[in-house]
Amino acid sequence: YTEQLRMTVQATIEMAVTDALTGLYNRRYLETHLTHMIDHYVNRSKVLSILAVDVDFFKAINDTHGHDAGDKVLQELAQRLRDHTRSIDLCCRIGGEEFIVVLPNTDAMTAEKIAERLRRAVAAKSFVIGTPAPVPVTISAGIATLSGLDDSLEKLLKRADNAMYQAKREGRNRISKAGLVA
């Protein structure tokens, strides 16, 4: 009974911090974990970057192929994120087709290389999602790096989000770096 109870508690904890569709961490986990990471990295003058990643034209995928196909795109994207990031990186789905990748000990230049590797990995091979033909998918991503003692979770996420929208405005399927201010 005790072992079963322990397993049930562990499963409940995992469900509370994991996105059910993709198996990645969820927004709740990201906000809690990243807040602590920011404090740690700022207080020790270490670098940390994040990527805000969004699927290009996701609504068109859902409208054309249905929500089941859209779910499969999200699952495959999550797998490609896991496959093309380091074991120390933290991949999270924060809602809809939006993802955050936390890159510990990573400056802006290295973050840009990682983001470009992810972008190429997604665009290089169409997604097999149960449709008559594989579906091409691309992503846009914004990069933000910690910028000092007064930086915060909200500011960092806002800068990454703004950079991601800049990548979309510039034509999608690209990477954009955030400036220092939100």
# chains A, B, ... in the order shown; residues from 1 in each chain; ligands from 1
$ residues_around --residues "range 42-51 of chain A" --least-positions-apart "4" --cutoff "8 Å" --atoms "only C-alpha atoms" --output "PDB file with C-alpha atoms, in the first residue's frame"
ATOM      1  CA  ILE A  38      17.519  33.602 -12.887  1.00  0.00           C
ATOM      2  CA  ILE A 100      10.400  28.041 -24.361  1.00  0.00           C
ATOM      3  CA  VAL A 101      13.868  26.517 -24.308  1.00  0.00           C
ATOM      4  CA  VAL A 102      16.042  27.540 -21.350  1.00  0.00           C
ATOM      5  CA  LEU A 103      19.758  27.456 -22.128  1.00  0.00           C
ATOM      6  CA  PRO A 104      21.858  27.491 -18.933  1.00  0.00           C
ATOM      7  CA  ASN A 105      25.462  28.728 -19.149  1.00  0.00           C
ATOM      8  CA  THR A 106      24.768  29.998 -22.662  1.00  0.00           C
ATOM      9  CA  ASP A 107      25.645  33.416 -24.042  1.00  0.00           C
ATOM     10  CA  ALA A 108      23.734  35.095 -26.872  1.00  0.00           C
ATOM     11  CA  ALA A 111      22.128  30.587 -28.094  1.00  0.00           C
ATOM     12  CA  ALA A 115      18.387  28.242 -32.194  1.00  0.00           C
ATOM     13  CA  ALA A 141      12.368  31.867 -32.544  1.00  0.00           C
ATOM     14  CA  GLY A 142      13.438  34.783 -30.413  1.00  0.00           C
ATOM     15  CA  ILE A 143      16.547  34.808 -28.237  1.00  0.00           C
ATOM     16  CA  ALA A 144      16.952  36.693 -24.965  1.00  0.00           C
ATOM     17  CA  THR A 145      19.892  36.621 -22.561  1.00  0.00           C
ATOM     18  CA  LEU A 146      20.054  37.715 -18.921  1.00  0.00           C
ATOM     19  CA  GLY A 148      21.990  42.125 -15.217  1.00  0.00           C
ATOM     20  CA  LEU A 149      20.919  42.393 -11.624  1.00  0.00           C
ATOM     21  CA  LEU A 156      13.430  37.964 -19.990  1.00  0.00           C
ATOM     22  CA  LEU A 157      10.315  36.235 -21.351  1.00  0.00           C
ATOM     23  CA  ALA A 160      12.344  36.655 -26.070  1.00  0.00           C
TER      24      ALA A 160
END
$ residues_around --residues "Arg120 in chain A" --least-positions-apart "3" --cutoff "10 Å" --atoms "only C-alpha atoms" --output "list in words"
Ile114, Ala115, Glu116, Arg117, Ala123, Ala124, Lys125, Thr138, Ile139, Asn173 and Arg174 of chain A
$ select_by_dssp --residues "range 18-172 of chain A" --states "strand (DSSP E or B)" --output "VMD selection string"
chain A and resid 18 25 48 to 55 90 to 95 98 to 104 127 135 139 to 145
$ residues_around --residues "Asp68 in chain A" --least-positions-apart "5" --cutoff "12 Å" --atoms "only C-alpha atoms" --output "mmCIF file with N, CA and C atoms, in the first residue's frame"
data_model
loop_
_atom_site.group_PDB
_atom_site.id
_atom_site.type_symbol
_atom_site.label_atom_id
_atom_site.label_comp_id
_atom_site.auth_asym_id
_atom_site.auth_seq_id
_atom_site.Cartn_x
_atom_site.Cartn_y
_atom_site.Cartn_z
ATOM 1 N N LEU A 21 0.228 16.580 -23.659
ATOM 2 C CA LEU A 21 0.326 16.280 -25.083
ATOM 3 C C LEU A 21 1.759 15.984 -25.526
ATOM 4 N N ILE A 61 -2.368 24.779 -40.371
ATOM 5 C CA ILE A 61 -2.217 23.318 -40.246
ATOM 6 C C ILE A 61 -3.473 22.729 -39.628
ATOM 7 N N ASN A 62 -3.928 23.338 -38.533
ATOM 8 C CA ASN A 62 -5.158 22.864 -37.885
ATOM 9 C C ASN A 62 -6.361 22.982 -38.810
ATOM 10 N N ASP A 63 -6.489 24.119 -39.497
ATOM 11 C CA ASP A 63 -7.648 24.352 -40.370
ATOM 12 C C ASP A 63 -7.652 23.413 -41.576
ATOM 13 N N VAL A 73 1.788 17.439 -34.909
ATOM 14 C CA VAL A 73 2.856 18.392 -35.199
ATOM 15 C C VAL A 73 3.517 18.832 -33.893
ATOM 16 N N LEU A 74 2.708 19.151 -32.893
ATOM 17 C CA LEU A 74 3.258 19.588 -31.607
ATOM 18 C C LEU A 74 4.089 18.485 -30.952
ATOM 19 N N GLN A 75 3.608 17.250 -31.052
ATOM 20 C CA GLN A 75 4.350 16.120 -30.478
ATOM 21 C C GLN A 75 5.676 15.913 -31.199
ATOM 22 N N ILE A 129 2.324 13.115 -40.139
ATOM 23 C CA ILE A 129 1.296 13.315 -39.119
ATOM 24 C C ILE A 129 -0.017 12.611 -39.466
ATOM 25 N N GLY A 130 0.059 11.610 -40.329
ATOM 26 C CA GLY A 130 -1.148 10.874 -40.677
ATOM 27 C C GLY A 130 -1.947 11.493 -41.806
ATOM 28 N N THR A 131 -1.380 12.450 -42.502
ATOM 29 C CA THR A 131 -2.022 13.057 -43.668
ATOM 30 C C THR A 131 -1.514 12.330 -44.910
#
$ select_by_dssp --residues "range 36-182 of chain A" --states "helix (DSSP H, G or I)" --output "ChimeraX atom specification"
/A:36-43,58-65,67-83,108-124,153-169
$ closest_residue --among "A:Cys91, A:Ile175, A:Val128, A:Leu118" --to "Leu24 in chain A" --atoms "only C-alpha atoms"
A:Cys91
$ atom_distance --atom1 "CA of Leu153 in chain A" --atom2 "CA of Thr35 in chain A"
5.8 Å
$ atom_distance --atom1 "CA of Lys72 in chain A" --atom2 "CA of Val137 in chain A"
11.6 Å
$ closest_residue --among "A:Glu112, A:Thr2, A:Arg93, A:Ala133" --to "Glu31 in chain A" --atoms "only C-alpha atoms"
A:Arg93
$ closest_residue --among "A:Thr18, A:Arg80, A:Phe127, A:Val135" --to "Thr64 in chain A" --atoms "only C-alpha atoms"
A:Val135
